[in-house]
There are 2 protein chains.
Amino acid sequence: MSTVGLQLRELREKAGFSLRKAAVAIDIDVAILSKMERGERKFSKELVLKLAELYKTNSDKLVIDYLSEKVLYELEEEEFGLEALKVAEKQLKYKKNK
Amino acid sequence: MSTVGLQLRELREKAGFSLRKAAVAIDIDVAILSKMERGERKFSKELVLKLAELYKTNSDKLVIDYLSEKVLYELEEEEFGLEALKVAEKQLKYKKNK
DNA sequence: ATTACCTTTGACAATATTAGTCAACACATA
DNA sequence: TATGTGTTGACTAATATTGTCAAAGGTAAT
């Protein structure tokens, strides 16, 4: 399950766009959008932003979830995934204070 | 800087392997190992494990750092990188208890 | 100064992964 | 039937990753 996909599907429906209309509006093939919403294909950040704009919604949470999914994808099945995340977090915090 | 690269370089030197010998032992081109140790190319997990074994050292920390680097690479320059990590962590913890 | 190592570098080819295109399908409804 | 909906799979194109190779430059010993 892709939460970004589900979120964007809901947003699209609430905004009254058909899959085709939305795809045309952001200039991609309808097949791609269909697959992305269902998690069969990964989103790109660019498309997440375009869709958020199209649906007139704030993109922050969407982007965060998008990144989170990307990270989890890399860590799936990894025994030390959680430890790796903690190390990454520490490094990132440190970097921010540079 | 790649901490995995640096760590593996130190380990190699302590174990008394030349770059060439180590590369031969794990069956890769010496150029690749050279680049990996210096962070010019990404390691694969498989190679990290092979090298750890070659150097007779525990691989856990190396793997964790390897994964952490991979994750940070995806998040570099991302405004919401830290938030994404936290979401990912939460999801991973949840998943572990399934 | 040549031999024998070492590491680094860059150009190139091979492969794998990801992204995009397209046509057809199934479903519903006017 | 005609129109609009979303889904699917096969195919191609583009991009990224990996592997190969030859050559360069360094160091040390003889």
# chains A, B, ... in the order shown; residues from 1 in each chain; ligands from 1

call {"tool": "calpha_fit_and_write", "arguments": {"fixed": "chain B", "moving": "chain A", "output": "compact mmCIF listing (two decimals) with N, CA, C and O atoms, in the first residue's frame"}}
result
# COMPACT_ATOMS: atom_id res chain seq x y z
N MET A 1 32.29 12.32 2.20
CA MET A 1 33.00 11.27 2.93
C MET A 1 32.10 10.06 3.17
O MET A 1 30.94 10.17 3.54
N SER A 2 32.65 8.93 2.94
CA SER A 2 31.90 7.69 3.21
C SER A 2 32.50 6.99 4.40
O SER A 2 33.65 6.56 4.37
N THR A 3 31.75 6.90 5.47
CA THR A 3 32.34 6.25 6.64
C THR A 3 32.54 4.76 6.41
O THR A 3 33.48 4.18 6.91
N VAL A 4 31.67 4.18 5.61
CA VAL A 4 31.86 2.75 5.32
C VAL A 4 33.15 2.56 4.55
O VAL A 4 33.94 1.66 4.83
N GLY A 5 33.38 3.42 3.60
CA GLY A 5 34.61 3.35 2.82
C GLY A 5 35.84 3.50 3.71
O GLY A 5 36.77 2.68 3.63
N LEU A 6 35.83 4.51 4.55
CA LEU A 6 36.97 4.72 5.43
C LEU A 6 37.18 3.56 6.37
O LEU A 6 38.30 3.11 6.58
N GLN A 7 36.08 3.08 6.91
CA GLN A 7 36.19 1.94 7.82
C GLN A 7 36.79 0.73 7.14
O GLN A 7 37.66 0.05 7.67
N LEU A 8 36.31 0.48 5.93
CA LEU A 8 36.79 -0.70 5.23
C LEU A 8 38.24 -0.55 4.77
O LEU A 8 38.98 -1.52 4.69
N ARG A 9 38.60 0.68 4.49
CA ARG A 9 40.01 0.91 4.14
C ARG A 9 40.91 0.63 5.35
O ARG A 9 41.91 -0.09 5.25
N GLU A 10 40.53 1.14 6.47
CA GLU A 10 41.31 0.88 7.68
C GLU A 10 41.38 -0.61 7.99
O GLU A 10 42.44 -1.13 8.32
N LEU A 11 40.24 -1.25 7.87
CA LEU A 11 40.21 -2.68 8.15
C LEU A 11 41.13 -3.44 7.20
O LEU A 11 41.84 -4.36 7.60
N ARG A 12 41.09 -3.03 5.95
CA ARG A 12 41.94 -3.70 4.96
C ARG A 12 43.40 -3.54 5.32
O ARG A 12 44.17 -4.52 5.31
N GLU A 13 43.79 -2.32 5.66
CA GLU A 13 45.20 -2.08 5.97
C GLU A 13 45.63 -2.85 7.21
O GLU A 13 46.70 -3.45 7.24
N LYS A 14 44.75 -2.85 8.20
CA LYS A 14 45.07 -3.61 9.41
C LYS A 14 45.19 -5.10 9.13
O LYS A 14 45.99 -5.80 9.73
N ALA A 15 44.39 -5.56 8.19
CA ALA A 15 44.42 -6.98 7.86
C ALA A 15 45.57 -7.30 6.91
O ALA A 15 45.81 -8.47 6.58
N GLY A 16 46.27 -6.28 6.47
CA GLY A 16 47.45 -6.49 5.64
C GLY A 16 47.18 -6.80 4.19
O GLY A 16 48.01 -7.42 3.52
N PHE A 17 46.04 -6.37 3.70
CA PHE A 17 45.75 -6.59 2.28
C PHE A 17 46.06 -5.35 1.47
O PHE A 17 45.73 -4.23 1.89
N SER A 18 46.68 -5.54 0.34
CA SER A 18 46.76 -4.44 -0.62
C SER A 18 45.41 -4.34 -1.31
O SER A 18 44.60 -5.27 -1.28
N LEU A 19 45.19 -3.22 -1.94
CA LEU A 19 43.94 -3.03 -2.66
C LEU A 19 43.75 -4.15 -3.68
O LEU A 19 42.66 -4.73 -3.80
N ARG A 20 44.81 -4.46 -4.37
CA ARG A 20 44.72 -5.50 -5.41
C ARG A 20 44.39 -6.86 -4.83
O ARG A 20 43.52 -7.56 -5.34
N LYS A 21 45.05 -7.19 -3.76
CA LYS A 21 44.82 -8.50 -3.15
C LYS A 21 43.37 -8.63 -2.67
O LYS A 21 42.73 -9.65 -2.87
N ALA A 22 42.93 -7.57 -2.04
CA ALA A 22 41.56 -7.61 -1.53
C ALA A 22 40.56 -7.72 -2.66
O ALA A 22 39.60 -8.50 -2.60
N ALA A 23 40.82 -6.96 -3.71
CA ALA A 23 39.90 -6.97 -4.85
C ALA A 23 39.84 -8.36 -5.47
O ALA A 23 38.77 -8.88 -5.78
N VAL A 24 41.00 -8.96 -5.63
CA VAL A 24 41.06 -10.31 -6.20
C VAL A 24 40.31 -11.28 -5.30
O VAL A 24 39.53 -12.11 -5.77
N ALA A 25 40.51 -11.13 -4.00
CA ALA A 25 39.91 -12.06 -3.05
C ALA A 25 38.38 -12.04 -3.11
O ALA A 25 37.73 -13.07 -2.92
N ILE A 26 37.82 -10.88 -3.36
CA ILE A 26 36.36 -10.83 -3.44
C ILE A 26 35.87 -10.74 -4.88
O ILE A 26 34.70 -10.51 -5.15
N ASP A 27 36.83 -10.89 -5.79
CA ASP A 27 36.49 -11.04 -7.20
C ASP A 27 35.84 -9.80 -7.82
O ASP A 27 34.81 -9.88 -8.48
N ILE A 28 36.46 -8.66 -7.58
CA ILE A 28 36.04 -7.46 -8.30
C ILE A 28 37.27 -6.74 -8.82
O ILE A 28 38.39 -7.04 -8.42
N ASP A 29 37.06 -5.79 -9.70
CA ASP A 29 38.16 -5.02 -10.26
C ASP A 29 38.72 -4.09 -9.20
O ASP A 29 37.98 -3.51 -8.40
N VAL A 30 40.02 -3.93 -9.22
CA VAL A 30 40.67 -3.10 -8.21
C VAL A 30 40.20 -1.65 -8.29
O VAL A 30 40.11 -0.95 -7.28
N ALA A 31 39.88 -1.21 -9.48
CA ALA A 31 39.41 0.17 -9.64
C ALA A 31 38.13 0.41 -8.85
O ALA A 31 37.95 1.47 -8.24
N ILE A 32 37.28 -0.56 -8.88
CA ILE A 32 36.01 -0.42 -8.17
C ILE A 32 36.22 -0.31 -6.67
O ILE A 32 35.66 0.57 -6.01
N LEU A 33 37.06 -1.18 -6.16
CA LEU A 33 37.30 -1.15 -4.72
C LEU A 33 37.94 0.18 -4.32
O LEU A 33 37.56 0.78 -3.30
N SER A 34 38.87 0.63 -5.12
CA SER A 34 39.50 1.91 -4.84
C SER A 34 38.45 3.02 -4.76
O SER A 34 38.44 3.84 -3.84
N LYS A 35 37.58 3.03 -5.73
CA LYS A 35 36.57 4.08 -5.75
C LYS A 35 35.57 3.94 -4.60
O LYS A 35 35.12 4.93 -4.02
N MET A 36 35.25 2.73 -4.27
CA MET A 36 34.30 2.52 -3.18
C MET A 36 34.89 2.97 -1.85
O MET A 36 34.22 3.64 -1.07
N GLU A 37 36.12 2.62 -1.61
CA GLU A 37 36.71 3.01 -0.34
C GLU A 37 36.76 4.52 -0.20
O GLU A 37 36.66 5.06 0.90
N ARG A 38 36.91 5.21 -1.31
CA ARG A 38 36.98 6.66 -1.25
C ARG A 38 35.63 7.33 -1.44
O ARG A 38 35.53 8.55 -1.55
N GLY A 39 34.59 6.52 -1.53
CA GLY A 39 33.25 7.09 -1.61
C GLY A 39 32.87 7.62 -2.98
O GLY A 39 31.86 8.29 -3.16
N GLU A 40 33.68 7.27 -3.96
CA GLU A 40 33.38 7.75 -5.30
C GLU A 40 32.32 6.87 -5.95
O GLU A 40 31.62 7.29 -6.87
N ARG A 41 32.25 5.67 -5.46
CA ARG A 41 31.18 4.78 -5.90
C ARG A 41 30.52 4.15 -4.69
O ARG A 41 31.16 3.92 -3.67
N LYS A 42 29.25 3.84 -4.85
CA LYS A 42 28.53 3.22 -3.75
C LYS A 42 28.90 1.75 -3.61
O LYS A 42 29.10 1.06 -4.61
N PHE A 43 28.99 1.31 -2.40
CA PHE A 43 29.15 -0.12 -2.15
C PHE A 43 27.84 -0.84 -2.44
O PHE A 43 26.77 -0.23 -2.48
N SER A 44 27.95 -2.13 -2.63
CA SER A 44 26.76 -2.95 -2.55
C SER A 44 26.85 -3.68 -1.21
O SER A 44 27.93 -3.90 -0.68
N LYS A 45 25.73 -4.06 -0.70
CA LYS A 45 25.72 -4.75 0.59
C LYS A 45 26.53 -6.05 0.49
O LYS A 45 27.26 -6.41 1.41
N GLU A 46 26.38 -6.69 -0.63
CA GLU A 46 27.08 -7.95 -0.84
C GLU A 46 28.59 -7.78 -0.66
O GLU A 46 29.25 -8.57 0.02
N LEU A 47 29.12 -6.71 -1.24
CA LEU A 47 30.57 -6.49 -1.14
C LEU A 47 30.98 -6.12 0.27
O LEU A 47 32.04 -6.54 0.74
N VAL A 48 30.15 -5.35 0.94
CA VAL A 48 30.46 -5.02 2.34
C VAL A 48 30.59 -6.31 3.15
O VAL A 48 31.53 -6.48 3.93
N LEU A 49 29.67 -7.21 2.93
CA LEU A 49 29.69 -8.47 3.68
C LEU A 49 30.93 -9.31 3.32
O LEU A 49 31.59 -9.87 4.19
N LYS A 50 31.22 -9.34 2.05
CA LYS A 50 32.40 -10.12 1.63
C LYS A 50 33.68 -9.57 2.23
O LYS A 50 34.55 -10.31 2.66
N LEU A 51 33.78 -8.24 2.23
CA LEU A 51 34.99 -7.62 2.77
C LEU A 51 35.09 -7.83 4.28
O LEU A 51 36.16 -8.11 4.80
N ALA A 52 33.96 -7.71 4.94
CA ALA A 52 33.97 -7.92 6.39
C ALA A 52 34.48 -9.33 6.70
O ALA A 52 35.30 -9.53 7.60
N GLU A 53 34.02 -10.25 5.92
CA GLU A 53 34.44 -11.64 6.13
C GLU A 53 35.94 -11.78 5.86
O GLU A 53 36.68 -12.41 6.62
N LEU A 54 36.36 -11.16 4.76
CA LEU A 54 37.78 -11.24 4.40
C LEU A 54 38.67 -10.67 5.49
O LEU A 54 39.73 -11.21 5.78
N TYR A 55 38.20 -9.60 6.09
CA TYR A 55 38.99 -8.95 7.14
C TYR A 55 38.69 -9.51 8.52
O TYR A 55 39.17 -8.99 9.52
N LYS A 56 37.89 -10.55 8.53
CA LYS A 56 37.56 -11.23 9.78
C LYS A 56 37.03 -10.26 10.84
O LYS A 56 37.52 -10.20 11.96
N THR A 57 36.04 -9.51 10.43
CA THR A 57 35.47 -8.56 11.37
C THR A 57 33.95 -8.65 11.32
O THR A 57 33.38 -9.07 10.31
N ASN A 58 33.32 -8.27 12.42
CA ASN A 58 31.87 -8.30 12.47
C ASN A 58 31.28 -7.25 11.52
O ASN A 58 31.73 -6.11 11.47
N SER A 59 30.25 -7.66 10.82
CA SER A 59 29.74 -6.79 9.76
C SER A 59 28.57 -5.90 10.18
O SER A 59 28.17 -5.01 9.43
N ASP A 60 28.04 -6.12 11.37
CA ASP A 60 26.81 -5.41 11.76
C ASP A 60 26.91 -3.89 11.63
O ASP A 60 26.10 -3.26 10.97
N LYS A 61 27.91 -3.33 12.24
CA LYS A 61 28.04 -1.87 12.19
C LYS A 61 28.26 -1.39 10.76
O LYS A 61 27.72 -0.37 10.33
N LEU A 62 29.05 -2.14 10.03
CA LEU A 62 29.31 -1.77 8.65
C LEU A 62 28.03 -1.74 7.84
O LEU A 62 27.78 -0.82 7.06
N VAL A 63 27.22 -2.75 8.03
CA VAL A 63 25.96 -2.82 7.29
C VAL A 63 25.04 -1.67 7.68
O VAL A 63 24.41 -1.03 6.83
N ILE A 64 24.98 -1.41 8.97
CA ILE A 64 24.13 -0.31 9.44
C ILE A 64 24.59 1.02 8.83
O ILE A 64 23.79 1.80 8.32
N ASP A 65 25.88 1.24 8.84
CA ASP A 65 26.40 2.49 8.26
C ASP A 65 26.17 2.52 6.76
O ASP A 65 25.88 3.58 6.18
N TYR A 66 26.31 1.38 6.16
CA TYR A 66 26.07 1.30 4.71
C TYR A 66 24.62 1.68 4.39
O TYR A 66 24.37 2.49 3.49
N LEU A 67 23.70 1.13 5.13
CA LEU A 67 22.28 1.44 4.89
C LEU A 67 21.99 2.90 5.19
O LEU A 67 21.25 3.57 4.47
N SER A 68 22.58 3.36 6.26
CA SER A 68 22.36 4.76 6.65
C SER A 68 22.84 5.71 5.55
O SER A 68 22.16 6.68 5.21
N GLU A 69 23.97 5.40 4.99
CA GLU A 69 24.48 6.24 3.90
C GLU A 69 23.56 6.21 2.70
O GLU A 69 23.32 7.22 2.04
N LYS A 70 23.04 5.03 2.43
CA LYS A 70 22.14 4.90 1.29
C LYS A 70 20.90 5.77 1.49
O LYS A 70 20.45 6.47 0.59
N VAL A 71 20.39 5.72 2.71
CA VAL A 71 19.19 6.50 3.03
C VAL A 71 19.49 8.00 2.95
O VAL A 71 18.73 8.77 2.37
N LEU A 72 20.61 8.39 3.53
CA LEU A 72 20.95 9.82 3.53
C LEU A 72 21.16 10.34 2.12
O LEU A 72 20.86 11.49 1.81
N TYR A 73 21.66 9.48 1.28
CA TYR A 73 21.87 9.87 -0.11
C TYR A 73 20.55 10.26 -0.77
O TYR A 73 20.48 11.23 -1.53
N GLU A 74 19.52 9.51 -0.45
CA GLU A 74 18.19 9.80 -1.02
C GLU A 74 17.62 11.10 -0.48
O GLU A 74 16.80 11.75 -1.12
N LEU A 75 18.04 11.45 0.73
CA LEU A 75 17.42 12.57 1.41
C LEU A 75 18.23 13.86 1.29
O LEU A 75 17.81 14.90 1.80
N GLU A 76 19.35 13.77 0.65
CA GLU A 76 20.22 14.95 0.63
C GLU A 76 19.50 16.10 -0.07
O GLU A 76 18.82 15.92 -1.05
N GLU A 77 19.65 17.24 0.53
CA GLU A 77 19.04 18.46 -0.02
C GLU A 77 17.52 18.51 0.19
O GLU A 77 16.86 19.43 -0.27
N GLU A 78 16.97 17.54 0.88
CA GLU A 78 15.53 17.55 1.09
C GLU A 78 15.17 18.35 2.33
O GLU A 78 15.67 18.09 3.43
N GLU A 79 14.29 19.28 2.14
CA GLU A 79 13.89 20.12 3.25
C GLU A 79 13.29 19.31 4.39
O GLU A 79 13.52 19.58 5.56
N PHE A 80 12.52 18.28 4.03
CA PHE A 80 11.81 17.53 5.05
C PHE A 80 12.43 16.17 5.34
O PHE A 80 11.75 15.24 5.75
N GLY A 81 13.72 16.07 5.11
CA GLY A 81 14.40 14.80 5.30
C GLY A 81 14.22 14.23 6.69
O GLY A 81 13.92 13.05 6.87
N LEU A 82 14.40 15.08 7.68
CA LEU A 82 14.32 14.62 9.07
C LEU A 82 12.91 14.14 9.39
O LEU A 82 12.73 13.07 10.02
N GLU A 83 11.94 14.88 8.95
CA GLU A 83 10.56 14.48 9.19
C GLU A 83 10.27 13.15 8.50
O GLU A 83 9.60 12.27 9.07
N ALA A 84 10.80 13.00 7.32
CA ALA A 84 10.59 11.75 6.57
C ALA A 84 11.20 10.57 7.33
O ALA A 84 10.59 9.50 7.42
N LEU A 85 12.37 10.78 7.89
CA LEU A 85 13.02 9.71 8.65
C LEU A 85 12.18 9.32 9.85
O LEU A 85 12.06 8.13 10.17
N LYS A 86 11.60 10.31 10.48
CA LYS A 86 10.80 10.01 11.66
C LYS A 86 9.55 9.21 11.29
O LYS A 86 9.16 8.28 11.99
N VAL A 87 8.94 9.59 10.20
CA VAL A 87 7.77 8.84 9.74
C VAL A 87 8.17 7.42 9.38
O VAL A 87 7.51 6.45 9.77
N ALA A 88 9.29 7.31 8.68
CA ALA A 88 9.77 5.97 8.28
C ALA A 88 10.02 5.11 9.51
O ALA A 88 9.67 3.93 9.54
N GLU A 89 10.62 5.74 10.50
CA GLU A 89 10.94 5.01 11.73
C GLU A 89 9.67 4.49 12.40
O GLU A 89 9.59 3.32 12.81
N LYS A 90 8.72 5.35 12.47
CA LYS A 90 7.46 4.96 13.10
C LYS A 90 6.83 3.79 12.35
O LYS A 90 6.38 2.80 12.95
N GLN A 91 6.82 3.89 11.06
CA GLN A 91 6.22 2.83 10.24
C GLN A 91 6.95 1.50 10.43
O GLN A 91 6.35 0.44 10.49
N LEU A 92 8.27 1.62 10.48
CA LEU A 92 9.07 0.42 10.59
C LEU A 92 8.85 -0.25 11.94
O LEU A 92 8.75 -1.48 12.04
N LYS A 93 8.75 0.56 12.97
CA LYS A 93 8.50 0.01 14.31
C LYS A 93 7.16 -0.70 14.33
O LYS A 93 7.04 -1.80 14.87
N TYR A 94 6.21 -0.05 13.74
CA TYR A 94 4.87 -0.64 13.70
C TYR A 94 4.89 -1.98 12.98
O TYR A 94 4.34 -2.97 13.43
N LYS A 95 5.59 -1.98 11.86
CA LYS A 95 5.65 -3.18 11.02
C LYS A 95 6.30 -4.35 11.76
O LYS A 95 5.92 -5.50 11.61
N LYS A 96 7.28 -3.99 12.57
CA LYS A 96 8.00 -5.04 13.31
C LYS A 96 7.09 -5.78 14.28
O LYS A 96 7.33 -6.95 14.59
N ASN A 97 6.09 -5.10 14.77
CA ASN A 97 5.19 -5.70 15.75
C ASN A 97 4.00 -6.39 15.11
O ASN A 97 3.05 -6.75 15.78
N LYS A 98 4.04 -6.55 13.85
CA LYS A 98 2.89 -7.17 13.17
C LYS A 98 2.93 -8.69 13.37
O LYS A 98 3.94 -9.28 13.59

call {"tool": "residues_around", "arguments": {"residues": "region 25-28 of chain C", "least_positions_apart": "4", "cutoff": "10 Å", "atoms": "only C-alpha atoms (C1' of nucleotides)", "output": "PDB file with N, CA, C and O atoms (P, O5', C5', C4', C3', O3' and C1' of nucleotides), in the first residue's frame"}}
result
ATOM      1  P    DG D   4     -16.953  11.774 -23.632  1.00  0.00           P
ATOM      2  O5'  DG D   4     -16.694  11.169 -22.181  1.00  0.00           O
ATOM      3  C5'  DG D   4     -17.605  11.461 -21.120  1.00  0.00           C
ATOM      4  C4'  DG D   4     -17.277  10.558 -19.963  1.00  0.00           C
ATOM      5  C3'  DG D   4     -15.786  10.573 -19.615  1.00  0.00           C
ATOM      6  O3'  DG D   4     -15.573  10.943 -18.249  1.00  0.00           O
ATOM      7  C1'  DG D   4     -16.602   8.346 -19.841  1.00  0.00           C
ATOM      8  P    DT D   5     -14.120  10.985 -17.671  1.00  0.00           P
ATOM      9  O5'  DT D   5     -13.989   9.596 -16.893  1.00  0.00           O
ATOM     10  C5'  DT D   5     -14.815   9.337 -15.757  1.00  0.00           C
ATOM     11  C4'  DT D   5     -14.642   7.900 -15.335  1.00  0.00           C
ATOM     12  C3'  DT D   5     -13.221   7.471 -15.047  1.00  0.00           C
ATOM     13  O3'  DT D   5     -12.861   7.829 -13.750  1.00  0.00           O
ATOM     14  C1'  DT D   5     -14.417   5.784 -16.235  1.00  0.00           C
ATOM     15  P    DG D   6     -11.345   7.994 -13.365  1.00  0.00           P
ATOM     16  O5'  DG D   6     -10.819   6.490 -13.343  1.00  0.00           O
ATOM     17  C5'  DG D   6     -11.291   5.624 -12.318  1.00  0.00           C
ATOM     18  C4'  DG D   6     -10.858   4.214 -12.617  1.00  0.00           C
ATOM     19  C3'  DG D   6      -9.361   3.946 -12.416  1.00  0.00           C
ATOM     20  O3'  DG D   6      -9.208   2.821 -11.554  1.00  0.00           O
ATOM     21  C1'  DG D   6     -10.079   3.146 -14.534  1.00  0.00           C
ATOM     22  P    DT D   7      -7.755   2.309 -11.174  1.00  0.00           P
ATOM     23  O5'  DT D   7      -7.507   1.162 -12.256  1.00  0.00           O
ATOM     24  C5'  DT D   7      -8.438   0.088 -12.320  1.00  0.00           C
ATOM     25  C4'  DT D   7      -7.946  -0.969 -13.286  1.00  0.00           C
ATOM     26  C3'  DT D   7      -6.500  -1.412 -13.084  1.00  0.00           C
ATOM     27  O3'  DT D   7      -6.487  -2.824 -12.962  1.00  0.00           O
ATOM     28  C1'  DT D   7      -6.879  -0.856 -15.350  1.00  0.00           C
ATOM     29  P    DT D   8      -5.209  -3.576 -12.443  1.00  0.00           P
ATOM     30  O5'  DT D   8      -4.575  -4.102 -13.798  1.00  0.00           O
ATOM     31  C5'  DT D   8      -5.416  -4.763 -14.736  1.00  0.00           C
ATOM     32  C4'  DT D   8      -4.666  -5.006 -16.034  1.00  0.00           C
ATOM     33  C3'  DT D   8      -3.187  -5.350 -15.876  1.00  0.00           C
ATOM     34  O3'  DT D   8      -3.028  -6.712 -16.200  1.00  0.00           O
ATOM     35  C1'  DT D   8      -3.586  -3.820 -17.675  1.00  0.00           C
TER      36       DT D   8
END

call {"tool": "interface_residues", "arguments": {"of": "chain C", "to": "chain A", "cutoff": "12 Å", "atoms": "only C-alpha atoms (C1' of nucleotides)", "output": "JSON, numbers by chain"}}
result
{"C": [18, 19, 20, 21, 22, 23]}

call {"tool": "write_last_selection", "arguments": {"atoms": "N, CA, C and O atoms (P, O5', C5', C4', C3', O3' and C1' of nucleotides)", "output": "PDB file, in the first residue's frame"}}
result
ATOM      1  P    DT C  18      14.549   0.467 -10.033  1.00  0.00           P
ATOM      2  O5'  DT C  18      14.078   1.601 -11.057  1.00  0.00           O
ATOM      3  C5'  DT C  18      14.965   2.652 -11.376  1.00  0.00           C
ATOM      4  C4'  DT C  18      14.344   3.572 -12.405  1.00  0.00           C
ATOM      5  C3'  DT C  18      12.875   3.905 -12.157  1.00  0.00           C
ATOM      6  O3'  DT C  18      12.765   5.311 -12.239  1.00  0.00           O
ATOM      7  C1'  DT C  18      13.199   3.196 -14.392  1.00  0.00           C
ATOM      8  P    DA C  19      11.387   6.048 -12.042  1.00  0.00           P
ATOM      9  O5'  DA C  19      11.026   6.420 -13.552  1.00  0.00           O
ATOM     10  C5'  DA C  19      12.004   7.053 -14.361  1.00  0.00           C
ATOM     11  C4'  DA C  19      11.422   7.351 -15.716  1.00  0.00           C
ATOM     12  C3'  DA C  19       9.977   7.844 -15.684  1.00  0.00           C
ATOM     13  O3'  DA C  19       9.913   8.969 -16.548  1.00  0.00           O
ATOM     14  C1'  DA C  19      10.152   5.970 -17.131  1.00  0.00           C
ATOM     15  P    DG C  20       8.550   9.678 -16.862  1.00  0.00           P
ATOM     16  O5'  DG C  20       8.171   9.019 -18.258  1.00  0.00           O
ATOM     17  C5'  DG C  20       8.983   9.313 -19.388  1.00  0.00           C
ATOM     18  C4'  DG C  20       8.385   8.653 -20.599  1.00  0.00           C
ATOM     19  C3'  DG C  20       6.942   9.064 -20.916  1.00  0.00           C
ATOM     20  O3'  DG C  20       6.921   9.476 -22.274  1.00  0.00           O
ATOM     21  C1'  DG C  20       7.150   6.695 -20.910  1.00  0.00           C
ATOM     22  P    DT C  21       5.528   9.870 -22.978  1.00  0.00           P
ATOM     23  O5'  DT C  21       5.167   8.509 -23.713  1.00  0.00           O
ATOM     24  C5'  DT C  21       6.057   7.998 -24.693  1.00  0.00           C
ATOM     25  C4'  DT C  21       5.349   6.912 -25.483  1.00  0.00           C
ATOM     26  C3'  DT C  21       3.935   7.270 -25.937  1.00  0.00           C
ATOM     27  O3'  DT C  21       3.886   7.045 -27.338  1.00  0.00           O
ATOM     28  C1'  DT C  21       3.945   5.164 -24.845  1.00  0.00           C
ATOM     29  P    DC C  22       2.611   7.542 -28.179  1.00  0.00           P
ATOM     30  O5'  DC C  22       1.740   6.223 -28.229  1.00  0.00           O
ATOM     31  C5'  DC C  22       2.370   4.997 -28.600  1.00  0.00           C
ATOM     32  C4'  DC C  22       1.430   3.837 -28.347  1.00  0.00           C
ATOM     33  C3'  DC C  22      -0.040   4.151 -28.651  1.00  0.00           C
ATOM     34  O3'  DC C  22      -0.429   3.340 -29.741  1.00  0.00           O
ATOM     35  C1'  DC C  22       0.227   2.913 -26.628  1.00  0.00           C
ATOM     36  P    DA C  23      -1.845   3.681 -30.488  1.00  0.00           P
ATOM     37  O5'  DA C  23      -2.539   2.250 -30.397  1.00  0.00           O
ATOM     38  C5'  DA C  23      -1.722   1.075 -30.319  1.00  0.00           C
ATOM     39  C4'  DA C  23      -2.498  -0.005 -29.607  1.00  0.00           C
ATOM     40  C3'  DA C  23      -3.997   0.009 -29.905  1.00  0.00           C
ATOM     41  O3'  DA C  23      -4.394  -1.315 -30.195  1.00  0.00           O
ATOM     42  C1'  DA C  23      -3.629   0.038 -27.564  1.00  0.00           C
TER      43       DA C  23
END

call {"tool": "select_by_dssp", "arguments": {"residues": "region 23-68 of chain A", "states": "helix (DSSP H, G or I)", "output": "PyMOL selection string"}}
result
chain A and resi 23-25+30-37+45-54+60-68

call {"tool": "closest_residue", "arguments": {"among": "C:DA24, C:DG10, C:DT15, C:DT29", "to": "DA23 (chain D)", "atoms": "only C-alpha atoms (C1' of nucleotides)"}}
result
C:DG10
